[in-house]
>>> print(open('start.cif').read())   # mmCIF, C-alpha atoms
data_query
loop_
_atom_site.label_atom_id
_atom_site.label_comp_id
_atom_site.auth_asym_id
_atom_site.auth_seq_id
_atom_site.Cartn_x
_atom_site.Cartn_y
_atom_site.Cartn_z
CA MET A 105 0.00 0.00 0.00
CA ASP A 106 2.86 2.41 0.84
CA SER A 107 4.30 2.04 -2.67
CA GLU A 108 0.99 3.31 -4.07
CA GLU A 109 0.28 6.05 -1.55
CA ARG A 110 3.69 7.64 -1.99
CA LEU A 111 2.65 8.45 -5.58
CA GLY A 112 0.36 11.08 -4.09
CA ARG A 113 2.61 12.30 -1.26
CA GLU A 114 6.31 12.19 -2.07
CA GLY A 115 8.20 15.12 -3.64
CA ILE A 116 7.81 15.12 -7.44
CA TRP A 117 11.52 15.24 -8.30
CA LYS A 118 12.36 12.44 -5.87
CA LEU A 119 9.39 10.39 -7.07
CA MET A 120 10.19 10.91 -10.75
CA PHE A 121 13.77 9.78 -10.41
CA SER A 122 13.03 6.92 -8.00
CA MET A 123 10.51 5.51 -10.50
CA GLY A 124 11.97 6.80 -13.76
CA ILE A 125 15.59 5.73 -13.28
CA PRO A 126 14.86 2.00 -12.77
CA THR A 127 12.65 1.88 -15.88
CA PHE A 128 15.24 3.98 -17.73
CA ILE A 129 17.89 1.40 -16.81
CA GLY A 130 15.52 -1.43 -17.68
CA HIS A 131 14.86 -0.03 -21.15
CA LEU A 132 18.55 0.81 -21.58
CA VAL A 133 19.67 -2.75 -20.93
CA HIS A 134 16.80 -4.05 -23.08
CA LEU A 135 18.10 -1.77 -25.82
CA LEU A 136 21.62 -3.04 -25.26
CA TYR A 137 20.82 -6.63 -26.04
CA ASN A 138 18.97 -5.62 -29.21
CA ILE A 139 21.86 -3.40 -30.27
CA VAL A 140 24.49 -5.98 -29.30
CA ASP A 141 22.65 -8.49 -31.50
CA ARG A 142 23.08 -6.18 -34.47
CA ILE A 143 26.69 -5.38 -33.63
CA PHE A 144 27.63 -9.06 -33.53
CA ILE A 145 25.59 -9.83 -36.65
CA GLY A 146 27.11 -6.90 -38.55
CA HIS A 147 30.61 -8.23 -37.85
CA ILE A 148 30.03 -11.80 -39.04
CA GLU A 149 32.98 -12.50 -41.32
CA GLY A 150 32.14 -12.13 -45.00
CA THR A 151 28.36 -11.80 -44.72
CA GLY A 152 27.97 -9.24 -41.93
CA ALA A 153 26.54 -6.36 -43.98
CA THR A 154 24.03 -8.61 -45.77
CA ALA A 155 23.06 -10.36 -42.53
CA LEU A 156 22.54 -7.00 -40.80
CA THR A 157 20.29 -5.90 -43.65
CA GLY A 158 18.37 -9.18 -43.36
CA VAL A 159 17.70 -8.62 -39.66
CA GLY A 160 16.63 -5.06 -40.38
CA LEU A 161 14.02 -6.38 -42.80
CA CYS A 162 12.46 -8.32 -39.90
CA PHE A 163 11.87 -5.13 -37.92
CA PRO A 164 8.36 -4.44 -39.28
CA ILE A 165 7.15 -7.84 -38.06
CA ILE A 166 8.97 -7.51 -34.73
CA THR A 167 7.54 -4.00 -34.38
CA LEU A 168 4.00 -5.25 -34.97
CA ILE A 169 4.45 -7.82 -32.20
CA ILE A 170 5.68 -5.11 -29.86
CA ALA A 171 2.81 -2.85 -30.99
CA CYS A 172 0.28 -5.43 -29.82
CA SER A 173 2.12 -5.63 -26.50
CA ASN A 174 1.85 -1.85 -26.19
CA PHE A 175 -1.81 -2.01 -27.15
CA VAL A 176 -2.41 -3.99 -23.95
CA GLY A 177 0.28 -2.72 -21.60
CA ALA A 178 0.26 0.99 -22.42
CA GLY A 179 -3.53 0.90 -22.79
CA GLY A 180 -4.28 -1.00 -19.60
CA ALA A 181 -1.64 0.20 -17.15
CA PRO A 182 -2.74 3.89 -17.02
CA LEU A 183 -6.33 2.73 -16.44
CA ALA A 184 -5.13 0.49 -13.62
CA ALA A 185 -3.12 3.36 -12.10
CA ILE A 186 -6.10 5.72 -12.29
CA SER A 187 -8.28 3.07 -10.62
CA LEU A 188 -5.69 2.66 -7.85
CA GLY A 189 -5.68 6.42 -7.38
CA LYS A 190 -9.46 6.28 -6.89
CA GLY A 191 -9.14 3.38 -4.46
CA GLU A 192 -10.78 0.91 -6.87
CA ARG A 193 -8.39 -2.03 -6.44
CA HIS A 194 -10.77 -4.72 -7.73
CA THR A 195 -11.26 -2.82 -10.99
CA ALA A 196 -7.47 -2.41 -11.34
CA GLU A 197 -6.96 -6.16 -10.91
CA LYS A 198 -9.66 -6.94 -13.49
CA ILE A 199 -7.86 -4.66 -15.94
CA LEU A 200 -4.59 -6.53 -15.31
CA ALA A 201 -6.20 -9.98 -15.64
CA ASN A 202 -7.98 -9.07 -18.88
CA GLY A 203 -4.74 -7.59 -20.16
CA LEU A 204 -3.04 -10.96 -19.65
CA THR A 205 -5.86 -12.71 -21.52
CA MET A 206 -5.41 -10.31 -24.43
CA LEU A 207 -1.63 -10.83 -24.50
CA LEU A 208 -2.01 -14.61 -24.68
CA PHE A 209 -4.59 -14.32 -27.47
CA PHE A 210 -2.39 -12.00 -29.53
CA SER A 211 0.65 -14.25 -29.00
CA VAL A 212 -1.01 -17.31 -30.52
CA THR A 213 -2.65 -15.37 -33.34
CA LEU A 214 0.42 -13.42 -34.42
CA THR A 215 2.75 -16.41 -34.29
CA ALA A 216 0.49 -18.41 -36.61
CA LEU A 217 -0.15 -15.45 -38.93
CA PHE A 218 3.48 -14.46 -39.47
CA TYR A 219 4.65 -18.01 -40.06
CA ILE A 220 2.10 -18.22 -42.89
CA ILE A 221 2.78 -14.88 -44.56
CA LYS A 222 6.44 -14.18 -43.73
CA LYS A 223 7.85 -14.68 -47.24
CA PRO A 224 5.57 -12.26 -49.14
CA PHE A 225 5.80 -9.82 -46.23
CA LEU A 226 9.60 -9.82 -46.22
CA TYR A 227 9.79 -9.25 -49.97
CA ALA A 228 7.21 -6.48 -49.61
CA PHE A 229 9.41 -4.93 -46.92
CA GLY A 230 12.33 -4.62 -49.34
CA ALA A 231 14.01 -8.04 -49.19
CA SER A 232 16.04 -9.20 -52.17
CA ASP A 233 17.13 -12.70 -53.13
CA SER A 234 20.44 -12.11 -51.35
CA THR A 235 18.97 -10.81 -48.07
CA TYR A 236 15.83 -12.96 -47.76
CA PRO A 237 17.61 -16.15 -46.53
CA PHE A 238 19.06 -14.19 -43.59
CA SER A 239 15.68 -12.64 -42.76
CA GLU A 240 13.94 -16.00 -42.87
CA SER A 241 16.56 -17.72 -40.70
CA TYR A 242 16.26 -15.06 -38.01
CA LEU A 243 12.47 -14.79 -38.11
CA ASN A 244 11.77 -18.54 -38.01
CA ILE A 245 13.39 -18.70 -34.58
CA TYR A 246 12.29 -15.29 -33.27
CA LEU A 247 8.61 -16.11 -33.83
CA LEU A 248 8.91 -19.10 -31.48
CA GLY A 249 9.39 -16.57 -28.68
CA THR A 250 6.45 -14.31 -29.54
CA VAL A 251 4.63 -15.17 -26.30
CA PHE A 252 7.72 -14.26 -24.26
CA THR A 253 8.18 -10.95 -26.06
CA MET A 254 4.54 -10.02 -25.54
CA LEU A 255 4.44 -10.98 -21.86
CA SER A 256 7.67 -9.19 -21.02
CA MET A 257 6.67 -6.02 -22.90
CA GLY A 258 2.96 -6.11 -22.00
CA LEU A 259 3.14 -6.90 -18.28
CA ILE A 260 5.94 -4.52 -17.31
CA PRO A 261 3.71 -1.38 -17.49
CA PHE A 262 1.44 -2.98 -14.88
CA LEU A 263 4.44 -3.33 -12.58
CA ASN A 264 5.17 0.37 -13.05
CA ALA A 265 1.52 1.22 -12.38
CA GLN A 266 1.91 -0.03 -8.79
CA GLY A 267 5.31 1.60 -8.25
CA LYS A 268 7.43 -1.55 -8.82
CA ALA A 269 10.00 0.04 -11.10
CA LYS A 270 12.88 -1.92 -9.55
CA VAL A 271 11.28 -5.22 -10.56
CA THR A 272 11.00 -3.85 -14.09
CA MET A 273 14.70 -3.05 -14.04
CA LEU A 274 15.58 -6.51 -12.72
CA SER A 275 13.51 -8.20 -15.44
CA ALA A 276 15.23 -6.29 -18.22
CA LEU A 277 18.68 -6.48 -16.64
CA LEU A 278 18.75 -10.26 -16.30
CA GLY A 279 17.39 -10.69 -19.81
CA ALA A 280 20.05 -8.36 -21.21
CA VAL A 281 22.93 -10.01 -19.37
CA ILE A 282 21.83 -13.44 -20.62
CA ASN A 283 21.42 -12.21 -24.20
CA ILE A 284 24.77 -10.42 -24.30
CA ALA A 285 26.50 -13.47 -22.83
CA LEU A 286 24.82 -15.89 -25.26
CA ASP A 287 25.33 -13.84 -28.44
CA PRO A 288 29.04 -14.52 -29.03
CA ILE A 289 28.64 -18.15 -27.92
CA MET A 290 25.69 -18.82 -30.23
CA ILE A 291 26.86 -16.75 -33.20
CA PHE A 292 30.59 -17.51 -33.26
CA ALA A 293 31.51 -20.37 -30.89
CA LEU A 294 28.66 -22.64 -32.00
CA HIS A 295 28.81 -21.30 -35.59
CA LEU A 296 25.04 -20.64 -35.69
CA GLY A 297 25.44 -17.19 -37.25
CA ILE A 298 22.26 -15.16 -37.48
CA ARG A 299 20.23 -18.05 -36.04
CA GLY A 300 22.36 -17.88 -32.90
CA ALA A 301 21.38 -14.25 -32.37
CA ALA A 302 17.71 -15.21 -32.62
CA TYR A 303 18.10 -18.09 -30.14
CA ALA A 304 19.82 -15.77 -27.66
CA THR A 305 17.03 -13.20 -27.99
CA VAL A 306 14.25 -15.75 -27.46
CA PHE A 307 15.88 -17.22 -24.37
CA SER A 308 16.52 -13.82 -22.79
CA GLN A 309 12.95 -12.69 -23.47
CA ALA A 310 11.69 -15.86 -21.77
CA VAL A 311 13.66 -14.96 -18.63
CA SER A 312 12.31 -11.38 -18.60
CA ALA A 313 8.74 -12.60 -19.09
CA ALA A 314 9.06 -15.16 -16.30
CA ILE A 315 10.26 -12.55 -13.80
CA ALA A 316 7.39 -10.16 -14.59
CA PHE A 317 4.72 -12.90 -14.58
CA PHE A 318 5.78 -14.69 -11.39
CA TYR A 319 6.10 -11.41 -9.51
CA LEU A 320 2.57 -10.40 -10.53
CA VAL A 321 1.12 -13.68 -9.22
CA SER A 322 3.11 -13.50 -5.96
CA ASP A 323 2.09 -12.05 -2.61
CA LYS A 324 4.70 -9.31 -3.07
CA ALA A 325 2.62 -7.59 -5.77
CA THR A 326 0.07 -5.05 -4.62
CA LEU A 327 -1.77 -5.49 -7.93
CA ARG A 328 -1.92 -9.23 -8.63
CA ILE A 329 -2.93 -11.52 -11.48
CA LYS A 330 -5.91 -13.61 -10.41
CA ALA A 331 -7.06 -16.45 -12.66
CA LYS A 332 -10.71 -15.97 -11.70
CA LEU A 333 -10.63 -12.46 -13.18
CA MET A 334 -9.17 -13.51 -16.55
CA ALA A 335 -12.53 -14.30 -18.19
CA PRO A 336 -12.96 -11.66 -20.92
CA ASP A 337 -14.87 -8.61 -19.73
CA PHE A 338 -15.61 -6.81 -22.98
CA LYS A 339 -16.36 -3.54 -21.27
CA ILE A 340 -12.87 -3.51 -19.75
CA ILE A 341 -11.30 -4.77 -22.98
CA GLY A 342 -13.03 -1.92 -24.79
CA LYS A 343 -11.54 0.61 -22.38
CA ILE A 344 -8.08 -0.87 -22.76
CA ALA A 345 -8.50 -0.80 -26.54
CA SER A 346 -9.70 2.81 -26.59
CA LEU A 347 -6.58 3.98 -24.77
CA GLY A 348 -4.22 1.37 -26.20
CA ILE A 349 -5.01 2.14 -29.83
CA SER A 350 -2.73 5.18 -29.70
CA PRO A 351 0.46 3.41 -28.53
CA PHE A 352 -0.44 0.55 -30.86
CA ILE A 353 -0.57 2.89 -33.84
CA MET A 354 2.59 4.66 -32.66
CA SER A 355 4.40 1.31 -32.74
CA ALA A 356 2.60 -0.26 -35.70
CA THR A 357 3.21 2.74 -37.93
CA GLU A 358 6.93 2.17 -37.35
CA SER A 359 6.40 -0.95 -39.46
CA LEU A 360 4.82 1.15 -42.21
CA ILE A 361 7.68 3.64 -42.09
CA THR A 362 10.30 0.90 -42.15
CA VAL A 363 8.65 -0.69 -45.19
CA VAL A 364 8.48 2.64 -47.02
CA PHE A 365 12.11 3.46 -46.21
CA ASN A 366 13.42 -0.01 -47.05
CA ARG A 367 11.63 -0.08 -50.39
CA GLY A 368 12.73 3.49 -51.17
CA ALA A 369 16.32 2.68 -50.27
CA LEU A 370 16.25 -0.35 -52.57
CA LEU A 371 14.51 1.55 -55.39
CA TYR A 372 16.74 4.65 -55.34
CA GLY A 373 19.88 2.95 -53.98
CA ASN A 374 20.77 -0.68 -53.32
CA ASP A 375 21.06 -3.28 -50.53
CA LEU A 376 23.68 -1.15 -48.76
CA TYR A 377 21.22 1.74 -48.50
CA VAL A 378 18.69 -0.69 -47.02
CA GLY A 379 21.42 -1.63 -44.54
CA SER A 380 21.86 2.05 -43.69
CA ILE A 381 18.19 2.19 -42.68
CA THR A 382 18.84 -0.62 -40.20
CA ILE A 383 21.73 1.34 -38.70
CA LEU A 384 19.76 4.61 -38.59
CA ASN A 385 16.81 2.91 -36.91
CA SER A 386 19.23 1.41 -34.40
CA VAL A 387 20.65 4.84 -33.61
CA CYS A 388 17.16 6.26 -33.10
CA GLN A 389 16.46 3.40 -30.71
CA MET A 390 19.68 4.22 -28.86
CA ILE A 391 18.37 7.74 -28.35
CA PHE A 392 14.71 7.20 -27.58
CA THR A 393 14.39 3.79 -25.95
CA PRO A 394 16.02 4.98 -22.69
CA ILE A 395 13.96 8.19 -22.81
CA ASN A 396 10.79 6.18 -23.31
CA GLY A 397 11.82 4.01 -20.38
CA PHE A 398 12.05 7.05 -18.13
CA THR A 399 8.70 8.40 -19.31
CA GLN A 400 7.08 5.00 -18.73
CA GLY A 401 8.30 5.10 -15.14
CA VAL A 402 6.86 8.58 -14.62
CA GLN A 403 3.47 7.86 -16.22
CA PRO A 404 1.95 6.23 -13.10
CA ILE A 405 2.76 9.38 -11.08
CA ILE A 406 0.67 11.48 -13.47
CA SER A 407 -2.15 8.94 -13.71
CA TYR A 408 -2.37 8.31 -9.97
CA ASN A 409 -2.48 12.01 -9.06
CA TYR A 410 -4.97 12.70 -11.84
CA GLY A 411 -7.21 9.96 -10.42
CA ALA A 412 -6.65 11.29 -6.90
CA GLY A 413 -7.66 14.84 -7.93
CA LYS A 414 -4.30 16.61 -7.38
CA PRO A 415 -3.89 18.97 -10.36
CA ASP A 416 -0.79 20.80 -9.10
CA ARG A 417 1.16 17.57 -8.85
CA VAL A 418 -0.07 16.54 -12.31
CA LYS A 419 1.11 19.81 -13.88
CA THR A 420 4.50 19.68 -12.18
CA ALA A 421 5.14 16.07 -13.22
CA CYS A 422 4.09 16.69 -16.84
CA LEU A 423 6.21 19.79 -17.37
CA ARG A 424 9.28 18.28 -15.75
CA LEU A 425 8.90 15.13 -17.83
CA ILE A 426 8.78 17.17 -21.06
CA ALA A 427 11.85 19.19 -20.03
CA ILE A 428 13.86 16.04 -19.29
CA SER A 429 12.79 14.31 -22.53
CA PHE A 430 13.67 17.35 -24.64
CA SER A 431 17.08 17.86 -22.99
CA ALA A 432 18.00 14.20 -23.36
CA SER A 433 17.02 14.01 -27.04
CA LEU A 434 18.86 17.24 -27.86
CA ILE A 435 22.09 16.06 -26.25
CA MET A 436 22.06 12.51 -27.62
CA ALA A 437 20.96 13.38 -31.16
CA THR A 438 23.57 16.14 -31.41
CA THR A 439 26.28 13.75 -30.23
CA ALA A 440 25.32 11.18 -32.88
CA ILE A 441 25.23 13.87 -35.60
CA LEU A 442 28.79 14.90 -34.72
CA LEU A 443 30.11 11.31 -34.74
CA PRO A 444 28.40 9.53 -37.68
CA GLY A 445 31.41 7.45 -38.72
CA LYS A 446 32.12 6.12 -35.25
CA ILE A 447 28.43 5.32 -34.69
CA ALA A 448 28.16 3.43 -37.99
CA GLY A 449 31.41 1.60 -37.24
CA LEU A 450 29.77 -0.01 -34.21
CA PHE A 451 27.46 -1.95 -36.51
CA THR A 452 29.60 -2.83 -39.50
CA ASN A 453 33.15 -2.97 -40.82
CA ASN A 454 31.93 -2.52 -44.42
CA GLN A 455 33.53 0.75 -45.51
CA ASP A 456 30.98 1.43 -48.25
CA LEU A 457 28.13 1.16 -45.75
CA ILE A 458 29.97 3.36 -43.26
CA ALA A 459 30.51 6.00 -46.00
CA ILE A 460 26.76 6.07 -46.73
CA CYS A 461 25.96 6.52 -43.02
CA ILE A 462 28.46 9.37 -42.67
CA LYS A 463 26.58 11.18 -45.44
CA VAL A 464 22.97 10.51 -44.39
CA LEU A 465 23.00 10.14 -40.59
CA PRO A 466 23.31 13.89 -39.82
CA ILE A 467 20.39 14.60 -42.16
CA TYR A 468 18.20 11.83 -40.76
CA LEU A 469 18.74 12.79 -37.10
CA ALA A 470 18.46 16.59 -37.41
CA GLY A 471 14.79 16.65 -36.34
CA MET A 472 15.49 14.32 -33.42
CA THR A 473 17.15 17.24 -31.63
CA VAL A 474 13.68 18.68 -30.88
CA PHE A 475 11.58 15.53 -31.04
CA GLY A 476 12.01 15.02 -27.30
CA LEU A 477 9.21 17.57 -26.87
CA GLN A 478 6.75 15.12 -28.38
CA THR A 479 8.35 12.19 -26.57
CA GLY A 480 7.47 13.92 -23.30
CA CYS A 481 3.99 15.03 -24.35
CA GLN A 482 2.85 11.70 -25.79
CA PRO A 483 3.07 9.66 -22.56
CA SER A 484 1.59 12.59 -20.64
CA PHE A 485 -1.45 12.50 -22.91
CA MET A 486 -1.68 8.75 -22.26
CA ALA A 487 -1.28 9.14 -18.50
CA LEU A 488 -4.19 11.59 -18.48
CA GLY A 489 -6.40 9.24 -20.48
CA GLN A 490 -6.39 11.60 -23.49
CA ALA A 491 -6.51 8.83 -26.08
CA LYS A 492 -7.77 10.99 -28.96
CA ASN A 493 -4.94 13.50 -28.72
CA ALA A 494 -2.35 10.76 -28.33
CA LEU A 495 -3.79 8.97 -31.35
CA PHE A 496 -3.83 12.10 -33.50
CA PHE A 497 -0.15 12.84 -32.97
CA ALA A 498 0.76 9.20 -33.51
CA LEU A 499 -0.90 9.47 -36.92
CA PHE A 500 0.14 13.03 -37.69
CA ARG A 501 3.90 12.48 -37.65
CA LYS A 502 4.12 9.07 -39.29
CA VAL A 503 1.07 8.72 -41.53
CA ILE A 504 0.15 12.29 -42.44
CA LEU A 505 3.68 13.72 -42.72
CA LEU A 506 6.45 11.13 -42.85
CA THR A 507 5.00 8.47 -45.15
CA PRO A 508 3.94 10.87 -47.96
CA LEU A 509 7.20 12.82 -47.70
CA ALA A 510 9.24 9.60 -47.88
CA LEU A 511 7.39 8.68 -51.07
CA ILE A 512 7.37 12.12 -52.68
CA LEU A 513 10.76 13.71 -51.88
CA PRO A 514 12.99 11.04 -53.50
CA GLU A 515 10.85 11.20 -56.63
CA VAL A 516 10.92 15.01 -56.77
CA MET A 517 14.63 15.25 -55.99
CA GLY A 518 15.51 12.24 -58.13
CA SER A 519 17.81 11.05 -55.37
CA VAL A 520 17.79 8.77 -52.32
CA THR A 521 18.72 11.84 -50.24
CA GLY A 522 15.07 12.90 -50.35
CA LEU A 523 14.20 9.75 -48.43
CA TYR A 524 16.41 10.77 -45.52
CA LEU A 525 15.15 14.40 -45.57
CA ALA A 526 11.59 13.24 -44.88
CA GLU A 527 12.47 12.26 -41.31
CA PRO A 528 13.74 15.60 -39.90
CA ILE A 529 10.96 17.61 -41.57
CA SER A 530 8.29 15.38 -40.04
CA ASP A 531 9.94 15.24 -36.62
CA ALA A 532 10.29 19.00 -36.24
CA LEU A 533 6.80 19.92 -37.47
CA SER A 534 5.11 17.25 -35.36
CA ALA A 535 7.03 18.11 -32.18
CA ILE A 536 6.20 21.82 -32.41
CA LEU A 537 2.48 21.20 -32.96
CA CYS A 538 2.36 18.54 -30.25
CA ILE A 539 3.85 20.71 -27.48
CA THR A 540 1.53 23.59 -28.44
CA VAL A 541 -1.61 21.47 -28.25
CA PHE A 542 -0.47 19.68 -25.09
CA LEU A 543 0.05 22.88 -23.11
CA LYS A 544 -3.43 24.10 -24.06
CA THR A 545 -4.98 20.71 -23.28
CA LEU A 546 -3.24 20.47 -19.92
CA LYS A 547 -4.52 23.91 -18.92
CA ARG A 548 -8.09 22.87 -19.82
CA ILE A 549 -7.84 19.61 -17.90
CA LEU A 550 -6.43 21.30 -14.79
CA ASP A 551 -8.95 24.15 -14.92
CA THR A 552 -11.75 21.57 -15.06
CA GLU A 553 -10.21 19.70 -12.12
CA MET A 554 -10.02 22.89 -10.05
CA LYS A 555 -13.68 23.68 -10.75
CA ASN A 556 -14.64 20.17 -9.65
CA GLU A 557 -12.81 20.73 -6.38
#
>>> encode(input="start.cif", output="structure tokens")
Amino acid sequence: MDSEERLGREGIWKLMFSMGIPTFIGHLVHLLYNIVDRIFIGHIEGTGATALTGVGLCFPIITLIIACSNFVGAGGAPLAAISLGKGERHTAEKILANGLTMLLFFSVTLTALFYIIKKPFLYAFGASDSTYPFSESYLNIYLLGTVFTMLSMGLIPFLNAQGKAKVTMLSALLGAVINIALDPIMIFALHLGIRGAAYATVFSQAVSAAIAFFYLVSDKATLRIKAKLMAPDFKIIGKIASLGISPFIMSATESLITVVFNRGALLYGNDLYVGSITILNSVCQMIFTPINGFTQGVQPIISYNYGAGKPDRVKTACLRLIAISFSASLIMATTAILLPGKIAGLFTNNQDLIAICIKVLPIYLAGMTVFGLQTGCQPSFMALGQAKNALFFALFRKVILLTPLALILPEVMGSVTGLYLAEPISDALSAILCITVFLKTLKRILDTEMKNE
């Protein structure tokens, strides 16, 4: 009970860092084992660049799996936190139990679906005859662990909702250590190549999922999974879906963007340009995954105090979260822009691929210097239950701006450079509009709260 009540009492700075840092570390180590996978794969003797491109082509499918996890976790956890803030524990536990039911359903469905359609999907994503065998080898094994990926990603927000950020960190940390340790053994010592990286990922995800699940069924959890509450309650599922559709679209549209960029890179360039997209996406993950981890840790503070009717604490937490997200993105994106060759060299020893990244990485990341504004606003919208606003900005940047620009600019410019220009234009415009709308929305929400008091 104390871990919940402190959300409404403790100093905001102390609370933000005590909850945000563990989830920041958890996401950072989770990022590490994804990045380490690509680093090892990219340095496989002779086939590293092609293998790295092949793994990159799997990202749209992997992203869709993660999107369904976010649909449940990011949709259900804020609702559970708001219910806890109102003192409605039974409702919060029903939300958690129905969330688990949804995760299991999606796991079975997606595994079967992607095994059936993987070949046409991969070719649609920009695979060629030289890269497809690597994509298939990786994906065949990765899909076996779909249930572990979904449970680890989908249950962790419910741990954060009850203030258990340290358990989140432990789950990710153990998974990362296992993955990093297994990668060189599987890839090089056992000569499994790209399949070894997939095996290491599946096993580490299983460990992370087990930690989250067994904690949530234990007596240590203040919000527990109860089998008797897992029967589908379509009213609750509808509420989860209405809030979860925004993070789902935010993640799922990454698949759309990756497909558009991969196909554009192949059309206006070649397989090496497709490989550059893999590296650029990896760099973006290096910047924003830790930031998103911190914001995920802070979300329950906003949701709980909103449910508890404490507008001053809500405003303070939101504004500080935006300031931290913006500062972090500005510093990290600028650093990457200044060191493109060294960053690319982490992922490959192919000098032609490194030369492409030196040219395009500064262009691609320019808008990321200000995109932290939106990265702070988006989870704040979610924490306040503002699903429509969150959904709009998820669509605005990727579907309304980025996708058309990525299709039009290369054609107009007659060069692959136009493809990379689409990203900074979309990022900057979306971030500026998002922060403007958020500040007005927050004022309206808080004014309404004060009137109710």
>>> closest_atom_pairs(input="start.cif", of="stretch 192-246 of chain A", to="stretch 347-371 of chain A", cutoff="12 Å", atoms="all atoms listed in the file", output="CSV")
residue,atom,partner,partner_atom,distance
A:Gly203,CA,A:Gly348,CA,10.8
A:Met206,CA,A:Gly348,CA,11.9
A:Phe225,CA,A:Val363,CA,9.6
A:Leu226,CA,A:Val363,CA,9.2
A:Tyr227,CA,A:Arg367,CA,9.4
A:Ala228,CA,A:Val363,CA,7.4
A:Phe229,CA,A:Val363,CA,4.6
A:Gly230,CA,A:Arg367,CA,4.7
A:Ala231,CA,A:Asn366,CA,8.3
A:Ser232,CA,A:Leu370,CA,8.9
A:Thr235,CA,A:Leu370,CA,11.7
>>> residues_near_point(input="start.cif", point="(16.3, -14.0, -45.3)", cutoff="9 Å", atoms="all atoms listed in the file", output="VMD selection string")
chain A and resid 155 158 to 159 161 to 162 223 226 231 to 243
>>> write_last_selection(input="start.cif", atoms="C-alpha atoms", output="tab-separated table (two decimals), in the coordinates of the input")
chain	number	residue	atom	x	y	z
A	155	ALA	CA	23.06	-10.36	-42.53
A	158	GLY	CA	18.37	-9.18	-43.36
A	159	VAL	CA	17.70	-8.62	-39.66
A	161	LEU	CA	14.02	-6.38	-42.80
A	162	CYS	CA	12.46	-8.32	-39.90
A	223	LYS	CA	7.85	-14.68	-47.24
A	226	LEU	CA	9.60	-9.82	-46.22
A	231	ALA	CA	14.01	-8.04	-49.19
A	232	SER	CA	16.04	-9.20	-52.17
A	233	ASP	CA	17.13	-12.70	-53.13
A	234	SER	CA	20.44	-12.11	-51.35
A	235	THR	CA	18.97	-10.81	-48.07
A	236	TYR	CA	15.83	-12.96	-47.76
A	237	PRO	CA	17.61	-16.15	-46.53
A	238	PHE	CA	19.06	-14.19	-43.59
A	239	SER	CA	15.68	-12.64	-42.76
A	240	GLU	CA	13.94	-16.00	-42.87
A	241	SER	CA	16.56	-17.72	-40.70
A	242	TYR	CA	16.26	-15.06	-38.01
A	243	LEU	CA	12.47	-14.79	-38.11
>>> residues_around(input="start.cif", residues="stretch 289-297 of chain A", least_positions_apart="2", cutoff="10 Å", atoms="all atoms listed in the file", output="ChimeraX atom specification")
/A:141,144-145,148-149,151-152,155,238,241-242,283-287,299-304
>>> closest_atom_pairs(input="start.cif", of="stretch 449-503 of chain A", to="stretch 531-551 of chain A", cutoff="6 Å", atoms="only C-alpha atoms", output="CSV")
residue,atom,partner,partner_atom,distance
A:Gly471,CA,A:Asp531,CA,5.1
A:Phe475,CA,A:Ala535,CA,5.4
A:Leu477,CA,A:Ala535,CA,5.8
A:Gln478,CA,A:Ala535,CA,4.8
A:Arg501,CA,A:Ser534,CA,5.4
>>> residues_around(input="start.cif", residues="stretch 108-122 of chain A", least_positions_apart="6", cutoff="7 Å", atoms="only C-alpha atoms", output="list of chain:residue names")
A:Gln266, A:Gly267, A:Val402, A:Ile405, A:Tyr408, A:Asn409, A:Ala421
>>> resolve_selection(input="start.cif", expression="the PyMOL selection byres ((chain A and resi 199) around 12)", output="ChimeraX atom specification")
/A:176-188,192-198,200-206,259,262,265,327-330,333-345
>>> closest_residue(input="start.cif", among="A:Gly130, A:Pro394, A:Gly279, A:Gly489", to="A:Ala432", atoms="only C-alpha atoms")
A:Pro394
>>> atom_distance(input="start.cif", atom1="atom CA of A:Leu156", atom2="atom CA of A:Pro528")
24.3 Å
>>> residues_around(input="start.cif", residues="A:Ala440", least_positions_apart="2", cutoff="10 Å", atoms="all atoms listed in the file", output="ChimeraX atom specification")
/A:387-388,390-391,435-438,442-448,465-466,469-470
>>> atom_distance(input="start.cif", atom1="atom CA of A:Thr393", atom2="atom CA of A:Thr127")
10.4 Å
>>> resolve_selection(input="start.cif", expression="the PyMOL selection byres ((chain A and resi 383) around 10)", output="list of chain:residue names")
A:Ile139, A:Arg142, A:Ile143, A:Gly146, A:Leu156, A:Thr157, A:Gly160, A:Tyr377, A:Val378, A:Gly379, A:Ser380, A:Ile381, A:Thr382, A:Leu384, A:Asn385, A:Ser386, A:Val387, A:Cys388, A:Gln389, A:Ile447, A:Ala448, A:Gly449, A:Leu450, A:Phe451, A:Thr452, A:Leu457, A:Ile458, A:Cys461, A:Leu465
>>> atom_distance(input="start.cif", atom1="atom CA of A:Ser429", atom2="atom CA of A:Phe485")
14.4 Å
>>> resolve_selection(input="start.cif", expression="the PyMOL selection byres ((chain A and resi 211) around 9)", output="PyMOL selection string")
chain A and resi 169+172+206-210+212-216+250-255
>>> residues_around(input="start.cif", residues="stretch 270-273 of chain A", least_positions_apart="4", cutoff="10 Å", atoms="only C-alpha atoms", output="list of chain:residue names")
A:Ser122, A:Met123, A:Gly124, A:Ile125, A:Pro126, A:Thr127, A:Phe128, A:Ile129, A:Gly130, A:His131, A:Leu132, A:Val133, A:His134, A:Ser256, A:Leu259, A:Ile260, A:Pro261, A:Phe262, A:Leu263, A:Asn264, A:Leu277, A:Leu278, A:Gly279, A:Ser312, A:Ile315, A:Ala316, A:Tyr319, A:Gly397, A:Gly401
